[in-house]
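Asker: For reference, the file protein26.pdb (PDB, C-alpha atoms and all ligand atoms) is included below:
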ATOM      1  CA  MET Z   1      95.548  94.938  62.931  1.00  0.00           C
ATOM      2  CA  PRO Z   2      97.180  97.370  60.466  1.00  0.00           C
ATOM      3  CA  HIS Z   3     100.213  96.086  58.623  1.00  0.00           C
ATOM      4  CA  LEU Z   4     103.450  98.007  59.212  1.00  0.00           C
ATOM      5  CA  GLN Z   5     106.404  97.561  56.889  1.00  0.00           C
ATOM      6  CA  ILE Z   6     109.796  98.586  58.203  1.00  0.00           C
ATOM      7  CA  LEU Z   7     112.051  99.266  55.231  1.00  0.00           C
ATOM      8  CA  LEU Z   8     115.727  98.591  55.754  1.00  0.00           C
ATOM      9  CA  THR Z   9     116.938 100.905  53.008  1.00  0.00           C
ATOM     10  CA  SER Z  10     120.717 100.540  53.140  1.00  0.00           C
ATOM     11  CA  THR Z  11     121.909  97.845  50.723  1.00  0.00           C
ATOM     12  CA  ARG Z  12     125.684  98.023  50.792  1.00  0.00           C
ATOM     13  CA  PRO Z  13     127.835  95.101  52.021  1.00  0.00           C
ATOM     14  CA  GLY Z  14     128.858  95.753  55.615  1.00  0.00           C
ATOM     15  CA  ARG Z  15     125.931  98.113  56.199  1.00  0.00           C
ATOM     16  CA  LYS Z  16     125.122  99.205  59.750  1.00  0.00           C
ATOM     17  CA  GLY Z  17     121.451  99.761  59.013  1.00  0.00           C
ATOM     18  CA  ALA Z  18     120.593  96.115  59.780  1.00  0.00           C
ATOM     19  CA  PRO Z  19     121.157  96.356  63.564  1.00  0.00           C
ATOM     20  CA  VAL Z  20     119.290  99.689  63.670  1.00  0.00           C
ATOM     21  CA  ALA Z  21     116.332  98.139  61.822  1.00  0.00           C
ATOM     22  CA  ALA Z  22     116.409  95.083  64.115  1.00  0.00           C
ATOM     23  CA  TRP Z  23     116.191  97.394  67.137  1.00  0.00           C
ATOM     24  CA  PHE Z  24     113.289  99.318  65.629  1.00  0.00           C
ATOM     25  CA  GLU Z  25     111.473  96.092  64.732  1.00  0.00           C
ATOM     26  CA  ARG Z  26     111.630  95.127  68.425  1.00  0.00           C
ATOM     27  CA  GLN Z  27     110.256  98.556  69.336  1.00  0.00           C
ATOM     28  CA  ALA Z  28     107.390  98.110  66.875  1.00  0.00           C
ATOM     29  CA  ARG Z  29     106.528  94.665  68.243  1.00  0.00           C
ATOM     30  CA  GLN Z  30     106.650  96.062  71.781  1.00  0.00           C
ATOM     31  CA  HIS Z  31     104.274  98.857  70.738  1.00  0.00           C
ATOM     32  CA  GLY Z  32     101.779  96.150  69.820  1.00  0.00           C
ATOM     33  CA  GLY Z  33      99.465  98.170  67.563  1.00  0.00           C
ATOM     34  CA  PHE Z  34     100.733  96.819  64.244  1.00  0.00           C
ATOM     35  CA  ASP Z  35     101.303  93.568  62.490  1.00  0.00           C
ATOM     36  CA  VAL Z  36     105.032  94.067  61.722  1.00  0.00           C
ATOM     37  CA  GLU Z  37     107.067  93.055  58.673  1.00  0.00           C
ATOM     38  CA  LEU Z  38     110.715  93.885  58.048  1.00  0.00           C
ATOM     39  CA  VAL Z  39     111.442  94.479  54.349  1.00  0.00           C
ATOM     40  CA  ASP Z  40     115.102  94.479  53.366  1.00  0.00           C
ATOM     41  CA  LEU Z  41     115.887  96.392  50.153  1.00  0.00           C
ATOM     42  CA  GLN Z  42     119.093  94.398  49.790  1.00  0.00           C
ATOM     43  CA  ALA Z  43     116.974  91.232  49.476  1.00  0.00           C
ATOM     44  CA  VAL Z  44     114.389  92.972  47.265  1.00  0.00           C
ATOM     45  CA  ASN Z  45     117.343  93.696  44.977  1.00  0.00           C
ATOM     46  CA  LEU Z  46     115.731  96.162  42.565  1.00  0.00           C
ATOM     47  CA  PRO Z  47     117.824  97.252  39.586  1.00  0.00           C
ATOM     48  CA  LEU Z  48     117.980 100.947  38.757  1.00  0.00           C
ATOM     49  CA  PHE Z  49     114.483 101.926  37.666  1.00  0.00           C
ATOM     50  CA  ASP Z  50     113.853 100.160  34.355  1.00  0.00           C
ATOM     51  CA  GLU Z  51     110.115 100.336  33.657  1.00  0.00           C
ATOM     52  CA  PRO Z  52     109.160 101.979  30.322  1.00  0.00           C
ATOM     53  CA  GLU Z  53     105.801 103.347  31.557  1.00  0.00           C
ATOM     54  CA  HIS Z  54     105.111 105.778  34.359  1.00  0.00           C
ATOM     55  CA  PRO Z  55     104.258 103.715  37.467  1.00  0.00           C
ATOM     56  CA  ARG Z  56     100.837 105.357  37.795  1.00  0.00           C
ATOM     57  CA  PHE Z  57      99.663 103.211  34.830  1.00  0.00           C
ATOM     58  CA  ARG Z  58     100.697 100.011  36.661  1.00  0.00           C
ATOM     59  CA  LYS Z  59     101.704  98.428  33.345  1.00  0.00           C
ATOM     60  CA  TYR Z  60     104.687  96.734  34.879  1.00  0.00           C
ATOM     61  CA  GLN Z  61     106.859  94.730  32.510  1.00  0.00           C
ATOM     62  CA  HIS Z  62     109.317  93.207  34.930  1.00  0.00           C
ATOM     63  CA  ASP Z  63     108.793  90.500  37.523  1.00  0.00           C
ATOM     64  CA  HIS Z  64     110.878  92.439  40.047  1.00  0.00           C
ATOM     65  CA  THR Z  65     108.448  95.377  39.744  1.00  0.00           C
ATOM     66  CA  LYS Z  66     105.385  93.140  40.062  1.00  0.00           C
ATOM     67  CA  ALA Z  67     106.863  91.532  43.161  1.00  0.00           C
ATOM     68  CA  TRP Z  68     107.743  94.931  44.655  1.00  0.00           C
ATOM     69  CA  SER Z  69     104.241  96.187  43.895  1.00  0.00           C
ATOM     70  CA  ALA Z  70     102.703  93.187  45.685  1.00  0.00           C
ATOM     71  CA  THR Z  71     104.945  93.741  48.711  1.00  0.00           C
ATOM     72  CA  VAL Z  72     104.197  97.450  49.126  1.00  0.00           C
ATOM     73  CA  SER Z  73     100.478  96.931  48.417  1.00  0.00           C
ATOM     74  CA  ARG Z  74     100.009  94.847  51.556  1.00  0.00           C
ATOM     75  CA  ALA Z  75     101.243  97.640  53.863  1.00  0.00           C
ATOM     76  CA  ASP Z  76      99.029 100.141  55.665  1.00  0.00           C
ATOM     77  CA  ALA Z  77     101.967 102.124  57.056  1.00  0.00           C
ATOM     78  CA  PHE Z  78     105.736 102.352  56.722  1.00  0.00           C
ATOM     79  CA  VAL Z  79     108.832 103.211  58.668  1.00  0.00           C
ATOM     80  CA  PHE Z  80     111.937 103.880  56.614  1.00  0.00           C
ATOM     81  CA  VAL Z  81     115.181 103.098  58.415  1.00  0.00           C
ATOM     82  CA  THR Z  82     117.663 105.221  56.522  1.00  0.00           C
ATOM     83  CA  PRO Z  83     121.266 106.372  56.514  1.00  0.00           C
ATOM     84  CA  GLU Z  84     122.366 109.686  55.042  1.00  0.00           C
ATOM     85  CA  TYR Z  85     124.696 109.620  52.049  1.00  0.00           C
ATOM     86  CA  ASN Z  86     126.321 112.908  51.062  1.00  0.00           C
ATOM     87  CA  PHE Z  87     123.745 114.975  52.918  1.00  0.00           C
ATOM     88  CA  SER Z  88     120.915 113.237  51.099  1.00  0.00           C
ATOM     89  CA  ALA Z  89     118.868 110.053  50.890  1.00  0.00           C
ATOM     90  CA  PRO Z  90     120.465 106.760  49.860  1.00  0.00           C
ATOM     91  CA  PRO Z  91     119.780 106.066  46.153  1.00  0.00           C
ATOM     92  CA  SER Z  92     118.381 102.636  47.071  1.00  0.00           C
ATOM     93  CA  LEU Z  93     115.481 104.329  48.862  1.00  0.00           C
ATOM     94  CA  VAL Z  94     114.765 106.881  46.122  1.00  0.00           C
ATOM     95  CA  ASN Z  95     114.899 104.115  43.509  1.00  0.00           C
ATOM     96  CA  ALA Z  96     112.510 101.875  45.474  1.00  0.00           C
ATOM     97  CA  LEU Z  97     110.070 104.782  45.829  1.00  0.00           C
ATOM     98  CA  ASP Z  98     110.218 105.709  42.136  1.00  0.00           C
ATOM     99  CA  TYR Z  99     109.244 102.197  41.024  1.00  0.00           C
ATOM    100  CA  LEU Z 100     105.657 102.500  42.257  1.00  0.00           C
ATOM    101  CA  SER Z 101     102.912 105.048  42.656  1.00  0.00           C
ATOM    102  CA  ALA Z 102      99.403 104.092  43.861  1.00  0.00           C
ATOM    103  CA  GLU Z 103     100.884 101.405  46.111  1.00  0.00           C
ATOM    104  CA  TRP Z 104     102.362 104.151  48.337  1.00  0.00           C
ATOM    105  CA  ALA Z 105      99.458 106.586  48.190  1.00  0.00           C
ATOM    106  CA  TYR Z 106      97.400 107.581  51.233  1.00  0.00           C
ATOM    107  CA  LYS Z 107      99.682 105.718  53.613  1.00  0.00           C
ATOM    108  CA  PRO Z 108     101.673 107.291  56.456  1.00  0.00           C
ATOM    109  CA  VAL Z 109     105.438 106.982  56.839  1.00  0.00           C
ATOM    110  CA  GLY Z 110     107.742 107.475  59.801  1.00  0.00           C
ATOM    111  CA  PHE Z 111     111.518 107.743  59.717  1.00  0.00           C
ATOM    112  CA  VAL Z 112     114.373 106.267  61.696  1.00  0.00           C
ATOM    113  CA  SER Z 113     117.594 107.903  60.551  1.00  0.00           C
ATOM    114  CA  TYR Z 114     121.169 107.520  61.688  1.00  0.00           C
ATOM    115  CA  GLY Z 115     124.469 109.150  60.894  1.00  0.00           C
ATOM    116  CA  GLY Z 116     127.068 111.550  62.250  1.00  0.00           C
ATOM    117  CA  VAL Z 117     126.312 114.878  63.876  1.00  0.00           C
ATOM    118  CA  ALA Z 118     123.095 115.429  61.884  1.00  0.00           C
ATOM    119  CA  GLY Z 119     121.678 111.982  62.703  1.00  0.00           C
ATOM    120  CA  GLY Z 120     120.559 111.484  59.112  1.00  0.00           C
ATOM    121  CA  THR Z 121     118.072 114.365  59.262  1.00  0.00           C
ATOM    122  CA  ARG Z 122     119.066 115.723  55.839  1.00  0.00           C
ATOM    123  CA  ALA Z 123     118.227 112.379  54.252  1.00  0.00           C
ATOM    124  CA  VAL Z 124     114.846 112.466  55.963  1.00  0.00           C
ATOM    125  CA  GLN Z 125     114.062 116.025  54.893  1.00  0.00           C
ATOM    126  CA  MET Z 126     114.926 115.147  51.315  1.00  0.00           C
ATOM    127  CA  THR Z 127     112.806 112.000  51.357  1.00  0.00           C
ATOM    128  CA  LYS Z 128     109.843 113.914  52.770  1.00  0.00           C
ATOM    129  CA  LEU Z 129     109.650 115.866  49.488  1.00  0.00           C
ATOM    130  CA  THR Z 130     109.491 112.652  47.490  1.00  0.00           C
ATOM    131  CA  VAL Z 131     106.932 110.901  49.674  1.00  0.00           C
ATOM    132  CA  THR Z 132     104.529 113.834  49.512  1.00  0.00           C
ATOM    133  CA  ALA Z 133     104.667 113.643  45.692  1.00  0.00           C
ATOM    134  CA  LEU Z 134     103.503 110.049  46.149  1.00  0.00           C
ATOM    135  CA  LYS Z 135     100.610 111.211  48.380  1.00  0.00           C
ATOM    136  CA  MET Z 136     102.106 109.711  51.499  1.00  0.00           C
ATOM    137  CA  MET Z 137     101.931 111.458  54.855  1.00  0.00           C
ATOM    138  CA  PRO Z 138     105.321 111.839  56.580  1.00  0.00           C
ATOM    139  CA  MET Z 139     105.307 111.908  60.369  1.00  0.00           C
ATOM    140  CA  ALA Z 140     106.635 114.990  62.136  1.00  0.00           C
ATOM    141  CA  GLU Z 141     107.718 112.756  65.004  1.00  0.00           C
ATOM    142  CA  GLY Z 142     110.827 110.785  64.131  1.00  0.00           C
ATOM    143  CA  VAL Z 143     113.808 108.926  65.485  1.00  0.00           C
ATOM    144  CA  PHE Z 144     117.085 110.659  64.614  1.00  0.00           C
ATOM    145  CA  ILE Z 145     120.243 109.015  65.883  1.00  0.00           C
ATOM    146  CA  PRO Z 146     123.481 111.071  65.804  1.00  0.00           C
ATOM    147  CA  PHE Z 147     126.807 109.250  66.200  1.00  0.00           C
ATOM    148  CA  PHE Z 148     124.857 106.014  66.013  1.00  0.00           C
ATOM    149  CA  SER Z 149     127.919 103.755  65.716  1.00  0.00           C
ATOM    150  CA  LYS Z 150     128.762 104.240  69.377  1.00  0.00           C
ATOM    151  CA  TYR Z 151     125.605 102.249  70.215  1.00  0.00           C
ATOM    152  CA  ILE Z 152     126.657  99.235  68.111  1.00  0.00           C
ATOM    153  CA  ASP Z 153     128.713  96.596  69.927  1.00  0.00           C
ATOM    154  CA  ALA Z 154     131.174  93.985  68.611  1.00  0.00           C
ATOM    155  CA  ASN Z 155     128.283  91.576  67.940  1.00  0.00           C
ATOM    156  CA  ASP Z 156     126.470  94.165  65.810  1.00  0.00           C
ATOM    157  CA  ALA Z 157     123.786  94.711  68.440  1.00  0.00           C
ATOM    158  CA  PHE Z 158     122.369  98.225  68.481  1.00  0.00           C
ATOM    159  CA  THR Z 159     121.408  99.492  71.956  1.00  0.00           C
ATOM    160  CA  PRO Z 160     120.619 103.202  71.964  1.00  0.00           C
ATOM    161  CA  GLU Z 161     119.760 105.393  74.924  1.00  0.00           C
ATOM    162  CA  ASP Z 162     116.317 105.403  76.512  1.00  0.00           C
ATOM    163  CA  THR Z 163     115.493 108.685  74.797  1.00  0.00           C
ATOM    164  CA  GLN Z 164     115.603 106.832  71.443  1.00  0.00           C
ATOM    165  CA  ASN Z 165     113.349 104.073  72.744  1.00  0.00           C
ATOM    166  CA  ALA Z 166     110.913 106.770  73.897  1.00  0.00           C
ATOM    167  CA  ALA Z 167     111.148 108.565  70.531  1.00  0.00           C
ATOM    168  CA  ALA Z 168     110.374 105.289  68.737  1.00  0.00           C
ATOM    169  CA  GLN Z 169     107.268 104.706  70.846  1.00  0.00           C
ATOM    170  CA  THR Z 170     106.099 108.304  70.371  1.00  0.00           C
ATOM    171  CA  MET Z 171     106.462 107.991  66.600  1.00  0.00           C
ATOM    172  CA  LEU Z 172     104.650 104.630  66.506  1.00  0.00           C
ATOM    173  CA  LYS Z 173     101.764 106.086  68.509  1.00  0.00           C
ATOM    174  CA  GLU Z 174     101.419 108.940  66.027  1.00  0.00           C
ATOM    175  CA  LEU Z 175     101.855 106.579  63.073  1.00  0.00           C
ATOM    176  CA  LEU Z 176      98.985 104.395  64.277  1.00  0.00           C
ATOM    177  CA  ARG Z 177      96.750 107.444  64.564  1.00  0.00           C
ATOM    178  CA  TRP Z 178      97.474 108.445  60.950  1.00  0.00           C
ATOM    179  CA  THR Z 179      97.201 104.834  59.789  1.00  0.00           C
ATOM    180  CA  LYS Z 180      93.628 104.624  61.026  1.00  0.00           C
ATOM    181  CA  ALA Z 181      92.712 107.988  59.483  1.00  0.00           C
ATOM    182  CA  MET Z 182      94.316 107.278  56.124  1.00  0.00           C
ATOM    183  CA  ALA Z 183      92.634 103.879  55.724  1.00  0.00           C
ATOM    184  CA  VAL Z 184      89.450 105.879  55.124  1.00  0.00           C
ATOM    185  CA  LEU Z 185      91.103 107.715  52.195  1.00  0.00           C
ATOM    186  CA  ARG Z 186      91.919 104.407  50.516  1.00  0.00           C
ATOM    187  CA  GLN Z 187      88.337 103.189  50.520  1.00  0.00           C
ATOM    188  CA  ALA Z 188      86.873 103.015  47.022  1.00  0.00           C
TER     189      ALA Z 188
HETATM  190  C1  LIG Z 201     128.653 107.187  50.298  1.00  0.00           C
HETATM  191  C2  LIG Z 201     128.538 107.585  51.740  1.00  0.00           C
HETATM  192  C3  LIG Z 201     128.188 108.874  52.055  1.00  0.00           C
HETATM  193  C4  LIG Z 201     128.031 109.237  53.410  1.00  0.00           C
HETATM  194  N1  LIG Z 201     127.594 110.491  53.706  1.00  0.00           N
HETATM  195  C5  LIG Z 201     127.227 110.778  54.982  1.00  0.00           C
HETATM  196  C6  LIG Z 201     126.543 111.983  55.290  1.00  0.00           C
HETATM  197  O1  LIG Z 201     126.279 112.812  54.440  1.00  0.00           O
HETATM  198  N2  LIG Z 201     126.159 112.176  56.571  1.00  0.00           N
HETATM  199  C7  LIG Z 201     126.407 111.264  57.572  1.00  0.00           C
HETATM  200  O2  LIG Z 201     126.005 111.490  58.708  1.00  0.00           O
HETATM  201  N3  LIG Z 201     127.089 110.122  57.313  1.00  0.00           N
HETATM  202  C8  LIG Z 201     127.485 109.853  56.047  1.00  0.00           C
HETATM  203  N4  LIG Z 201     128.115 108.681  55.745  1.00  0.00           N
HETATM  204  C9  LIG Z 201     128.519 107.800  56.856  1.00  0.00           C
HETATM  205  C10 LIG Z 201     127.349 106.914  57.252  1.00  0.00           C
HETATM  206  O3  LIG Z 201     126.606 107.522  58.302  1.00  0.00           O
HETATM  207  C11 LIG Z 201     127.834 105.542  57.731  1.00  0.00           C
HETATM  208  O4  LIG Z 201     128.731 104.979  56.781  1.00  0.00           O
HETATM  209  C12 LIG Z 201     126.677 104.591  57.932  1.00  0.00           C
HETATM  210  O5  LIG Z 201     127.186 103.372  58.426  1.00  0.00           O
HETATM  211  C13 LIG Z 201     125.904 104.385  56.639  1.00  0.00           C
HETATM  212  O6  LIG Z 201     124.801 103.546  56.835  1.00  0.00           O
HETATM  213  P1  LIG Z 201     124.846 101.999  56.326  1.00  0.00           P
HETATM  214  O7  LIG Z 201     126.050 101.388  57.035  1.00  0.00           O
HETATM  215  O8  LIG Z 201     123.564 101.411  56.806  1.00  0.00           O
HETATM  216  O9  LIG Z 201     125.014 102.032  54.856  1.00  0.00           O
HETATM  217  C14 LIG Z 201     128.286 108.299  54.435  1.00  0.00           C
HETATM  218  C15 LIG Z 201     128.651 107.003  54.083  1.00  0.00           C
HETATM  219  C16 LIG Z 201     128.755 106.625  52.764  1.00  0.00           C
HETATM  220  C17 LIG Z 201     129.096 105.196  52.419  1.00  0.00           C
END
Write out the structure in this file as structure tokens.
Ligand SMILES: Cc1cc2nc3c(=O)[nH]c(=O)nc-3n(C[C@H](O)[C@H](O)[C@H](O)COP(=O)(O)O)c2cc1C
Answerer:
Amino acid sequence: MPHLQILLTSTRPGRKGAPVAAWFERQARQHGGFDVELVDLQAVNLPLFDEPEHPRFRKYQHDHTKAWSATVSRADAFVFVTPEYNFSAPPSLVNALDYLSAEWAYKPVGFVSYGGVAGGTRAVQMTKLTVTALKMMPMAEGVFIPFFSKYIDANDAFTPEDTQNAAAQTMLKELLRWTKAMAVLRQA
């Protein structure tokens, strides 16, 4: 079964991304087409990009980069669960992307974004530019959650409307299709 990594990209103390990612992880397990792993960038704990060489050379000097490379290498597909900060992507996500190169290439990526009125869509549009530079394929189908905090209860459980559950399943279906196609591109 293809390996899906769900990236929880928000790293700040008190973040609300964790309940959103937990909800999406359940959706992914319910979908059943992927072997699912949740990767928390707060736990990965990357410093601001500090490798002397361009990542395409894979001459990594730091253990944190080698560990991050090993993590991303085992994925066949990704879903980035992302907030929007100042109409753009969170720096934690951009930084995590910049660290590596070939590890991302020829793999599809879907987005779950959350925020105010725009539902994090500006962060997603910005990140799509970056992922295409890394030869990833961003999904057109996505999960965009406006005013997301109204779906989080006092216990930090995130329970969105059925339309969001349906959007998650639609995106996962499309993601699996691209995952199968892009595996061919990664063959030697
Ligand atoms: C630095 C900062 C900038 C923000 N900018 C936006 C924004 O541009 N659009 C938006 O919808 N929400 C914005 N917000 C509000 C976030 O949607 C909200 O704080 C959300 O909980 C952030 O996700 P997180 O809790 O997982 O970090 C911003 C929040 C922070 C901390």
Asker: Emit as AutoDock Vina command-line options the padded axis-aligned box for all listed atoms of ligand LIG 201 (chain Z), 3 Å per side, with centre and edge lengths in Å to one decimal.
Answerer:
--center_x 126.3 --center_y 107.1 --center_z 54.5 --size_x 11.5 --size_y 17.4 --size_z 14.4
Asker: Which of these, Z:Ala22, Z:Lys128, Z:Thr11, Z:Pro2, has the shortest distance to Asp156 in chain Z once you count all atoms listed in the file?
Answerer: Z:Ala22
Asker: Here is a test: counting all atoms listed in the file, which residue of Z:Val39, Z:Ile145, Z:Ala67, Z:Val79 is nearest to Ala18 in chain Z?
Answerer: Z:Val39
Asker: Do you know which residues are at most 9 Å from Tyr151 in chain Z counting only C-alpha atoms, after dropping those on the same chain fewer than 4 positions away, and could you put them as a PDB file with C-alpha atoms, keeping the file's coordinate frame?
Answerer:
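Below is the file result14.pdb, written as the result:
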ATOM      1  CA  PHE Z 147     126.807 109.250  66.200  1.00  0.00           C
ATOM      2  CA  ALA Z 157     123.786  94.711  68.440  1.00  0.00           C
ATOM      3  CA  PHE Z 158     122.369  98.225  68.481  1.00  0.00           C
ATOM      4  CA  THR Z 159     121.408  99.492  71.956  1.00  0.00           C
ATOM      5  CA  PRO Z 160     120.619 103.202  71.964  1.00  0.00           C
ATOM      6  CA  GLU Z 161     119.760 105.393  74.924  1.00  0.00           C
TER       7      GLU Z 161
END
Asker: Give me, as a VMD selection string, all polymer residues having an atom no more than 6 Å from Leu4 in chain Z, counting only C-alpha atoms and skipping those fewer than 5 positions away in the same chain.
Answerer: chain Z and resid 34 to 36 75 77 to 78
Asker: So how many Å separate CA of Ala118 in chain Z and CA of Trp104 in chain Z, to one decimal?
Answerer: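 Spanning CA of Ala118 in chain Z to CA of Trp104 in chain Z is a straight-line distance of 27.2 Å.
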Asker: At most 12 Å from (125.5, 103.6, 65.6), file frame, all atoms listed in the file: which residues, as number ranges by chain?
Answerer: Z: 15-21, 23, 83, 113-117, 119-120, 144-154, 156-161, 164
Asker: Excluding same-chain residues fewer than 4 positions from Pro91 in chain Z, what lies within 12 Å of it counting all atoms listed in the file, as a list of chain:residue names?
Answerer: Z:Thr9, Z:Ser10, Z:Thr11, Z:Arg12, Z:Leu41, Z:Leu46, Z:Pro47, Z:Leu48, Z:Phe49, Z:Thr82, Z:Pro83, Z:Glu84, Z:Tyr85, Z:Asn86, Z:Phe87, Z:Asn95, Z:Ala96, Z:Leu97, Z:Asp98, Z:Ala123, Z:Met126, Z:Thr127
Asker: Restricting the output to C-alpha atoms, write the selected residues as a CSV table (one decimal), keeping the file's coordinate frame.
Answerer:
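And here is the file that came out, result20.csv:
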chain,number,residue,atom,x,y,z
Z,9,THR,CA,116.9,100.9,53.0
Z,10,SER,CA,120.7,100.5,53.1
Z,11,THR,CA,121.9,97.8,50.7
Z,12,ARG,CA,125.7,98.0,50.8
Z,41,LEU,CA,115.9,96.4,50.2
Z,46,LEU,CA,115.7,96.2,42.6
Z,47,PRO,CA,117.8,97.3,39.6
Z,48,LEU,CA,118.0,100.9,38.8
Z,49,PHE,CA,114.5,101.9,37.7
Z,82,THR,CA,117.7,105.2,56.5
Z,83,PRO,CA,121.3,106.4,56.5
Z,84,GLU,CA,122.4,109.7,55.0
Z,85,TYR,CA,124.7,109.6,52.0
Z,86,ASN,CA,126.3,112.9,51.1
Z,87,PHE,CA,123.7,115.0,52.9
Z,95,ASN,CA,114.9,104.1,43.5
Z,96,ALA,CA,112.5,101.9,45.5
Z,97,LEU,CA,110.1,104.8,45.8
Z,98,ASP,CA,110.2,105.7,42.1
Z,123,ALA,CA,118.2,112.4,54.3
Z,126,MET,CA,114.9,115.1,51.3
Z,127,THR,CA,112.8,112.0,51.4
Asker: Suppose you want the space between CA of Gly32 in chain Z and CA of Arg186 in chain Z; what is it in Å?
Answerer: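 Separation between CA of Gly32 in chain Z and CA of Arg186 in chain Z: 23.2 Å.
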Asker: Just give me the gap between CA of Asp76 in chain Z and atom O7 of ligand LIG 201 (chain Z) in Å, one decimal is fine.
Answerer: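 Interatomic distance, CA of Asp76 in chain Z to atom O7 of ligand LIG 201 (chain Z): 27.1 Å.
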Asker: Would you pick out the contacts of Ser73 in chain Z at 6 Å or less, using only C-alpha atoms, so that residues sharing its chain but fewer than 3 positions from it are not included, and give the list as an mmCIF file with C-alpha atoms, in the frame of the given file?
Answerer:
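This went into out_16.cif:
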data_model
loop_
_atom_site.group_PDB
_atom_site.id
_atom_site.type_symbol
_atom_site.label_atom_id
_atom_site.label_comp_id
_atom_site.auth_asym_id
_atom_site.auth_seq_id
_atom_site.Cartn_x
_atom_site.Cartn_y
_atom_site.Cartn_z
ATOM 1 C CA SER Z 69 104.241 96.187 43.895
ATOM 2 C CA ALA Z 70 102.703 93.187 45.685
ATOM 3 C CA GLU Z 103 100.884 101.405 46.111
#
Asker: Ranking Z:Arg56, Z:Val81, Z:Glu141, Z:Ala181 by minimum distance to Gln169 in chain Z and counting only C-alpha atoms, which one comes first?
Answerer: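 Comparing Z:Arg56, Z:Val81, Z:Glu141, Z:Ala181 against Gln169 in chain Z, the winner is Z:Glu141.
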Asker: For Leu7 in chain Z, which of Z:Arg58, Z:Gln27, Z:Val72, Z:Ala102 is the closest residue, counting all atoms listed in the file?
Answerer: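 When distances to Leu7 in chain Z are compared using all atoms listed in the file, the smallest one comes from Z:Val72.
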Asker: Using only C-alpha atoms and all ligand atoms, which of the listed residues (Z:Arg122, Z:Lys135, Z:Lys180, Z:His54) sits closest to ligand LIG 201 (chain Z)?
Answerer: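 Answer, going by the shortest atom-to-atom distance: Z:Arg122.
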Asker: Could you pull the residues within 10 Å of Lys173 in chain Z, counting only C-alpha atoms, minus those fewer than 6 positions along the same chain, as a PyMOL selection string?
Answerer: chain Z and resi 28+31+33+141+167+179
Asker: Which residue out of Z:Gly110, Z:Pro52, Z:Pro138, Z:Gly14 has the minimum interatomic distance to ligand LIG 201 (chain Z) when only C-alpha atoms and all ligand atoms are used?
Answerer: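 The shortest atom-to-atom distance to ligand LIG 201 (chain Z) comes from Z:Gly14.
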Asker: Let me know the residues the PyMOL selection byres (((chain Z and resi 136) around 7) and not hetatm) catches in the file above, as a ChimeraX atom specification.
Answerer: /Z:104-109,131-132,134-135,137-138
Asker: Missing atoms in range 65-77 of chain Z should be modelled up to N, CA and C atoms and reported as a PDB file, in the frame of the given file.
Answerer:
ATOM      1  N   THR Z  65     109.376  94.286  39.438  1.00  0.00           N
ATOM      2  CA  THR Z  65     108.448  95.377  39.744  1.00  0.00           C
ATOM      3  C   THR Z  65     107.125  94.818  40.257  1.00  0.00           C
ATOM      4  N   LYS Z  66     106.654  93.751  39.625  1.00  0.00           N
ATOM      5  CA  LYS Z  66     105.385  93.140  40.062  1.00  0.00           C
ATOM      6  C   LYS Z  66     105.512  92.632  41.495  1.00  0.00           C
ATOM      7  N   ALA Z  67     106.650  92.034  41.798  1.00  0.00           N
ATOM      8  CA  ALA Z  67     106.863  91.532  43.161  1.00  0.00           C
ATOM      9  C   ALA Z  67     106.943  92.688  44.162  1.00  0.00           C
ATOM     10  N   TRP Z  68     107.617  93.764  43.772  1.00  0.00           N
ATOM     11  CA  TRP Z  68     107.743  94.931  44.655  1.00  0.00           C
ATOM     12  C   TRP Z  68     106.374  95.576  44.863  1.00  0.00           C
ATOM     13  N   SER Z  69     105.591  95.643  43.803  1.00  0.00           N
ATOM     14  CA  SER Z  69     104.241  96.187  43.895  1.00  0.00           C
ATOM     15  C   SER Z  69     103.392  95.366  44.881  1.00  0.00           C
ATOM     16  N   ALA Z  70     103.487  94.051  44.788  1.00  0.00           N
ATOM     17  CA  ALA Z  70     102.703  93.187  45.685  1.00  0.00           C
ATOM     18  C   ALA Z  70     103.142  93.377  47.133  1.00  0.00           C
ATOM     19  N   THR Z  71     104.430  93.540  47.348  1.00  0.00           N
ATOM     20  CA  THR Z  71     104.945  93.741  48.711  1.00  0.00           C
ATOM     21  C   THR Z  71     104.405  95.035  49.304  1.00  0.00           C
ATOM     22  N   VAL Z  72     104.578  96.136  48.594  1.00  0.00           N
ATOM     23  CA  VAL Z  72     104.197  97.450  49.126  1.00  0.00           C
ATOM     24  C   VAL Z  72     102.673  97.551  49.266  1.00  0.00           C
ATOM     25  N   SER Z  73     101.951  96.877  48.369  1.00  0.00           N
ATOM     26  CA  SER Z  73     100.478  96.931  48.417  1.00  0.00           C
ATOM     27  C   SER Z  73      99.920  96.396  49.728  1.00  0.00           C
ATOM     28  N   ARG Z  74     100.599  95.445  50.339  1.00  0.00           N
ATOM     29  CA  ARG Z  74     100.009  94.847  51.556  1.00  0.00           C
ATOM     30  C   ARG Z  74     100.257  95.685  52.812  1.00  0.00           C
ATOM     31  N   ALA Z  75     100.972  96.789  52.690  1.00  0.00           N
ATOM     32  CA  ALA Z  75     101.243  97.640  53.863  1.00  0.00           C
ATOM     33  C   ALA Z  75     100.157  98.691  54.056  1.00  0.00           C
ATOM     34  N   ASP Z  76      99.899  99.006  55.318  1.00  0.00           N
ATOM     35  CA  ASP Z  76      99.029 100.141  55.665  1.00  0.00           C
ATOM     36  C   ASP Z  76      99.851 101.331  56.143  1.00  0.00           C
ATOM     37  N   ALA Z  77     101.091 101.073  56.525  1.00  0.00           N
ATOM     38  CA  ALA Z  77     101.967 102.124  57.056  1.00  0.00           C
ATOM     39  C   ALA Z  77     103.413 101.666  56.889  1.00  0.00           C
TER      40      ALA Z  77
END
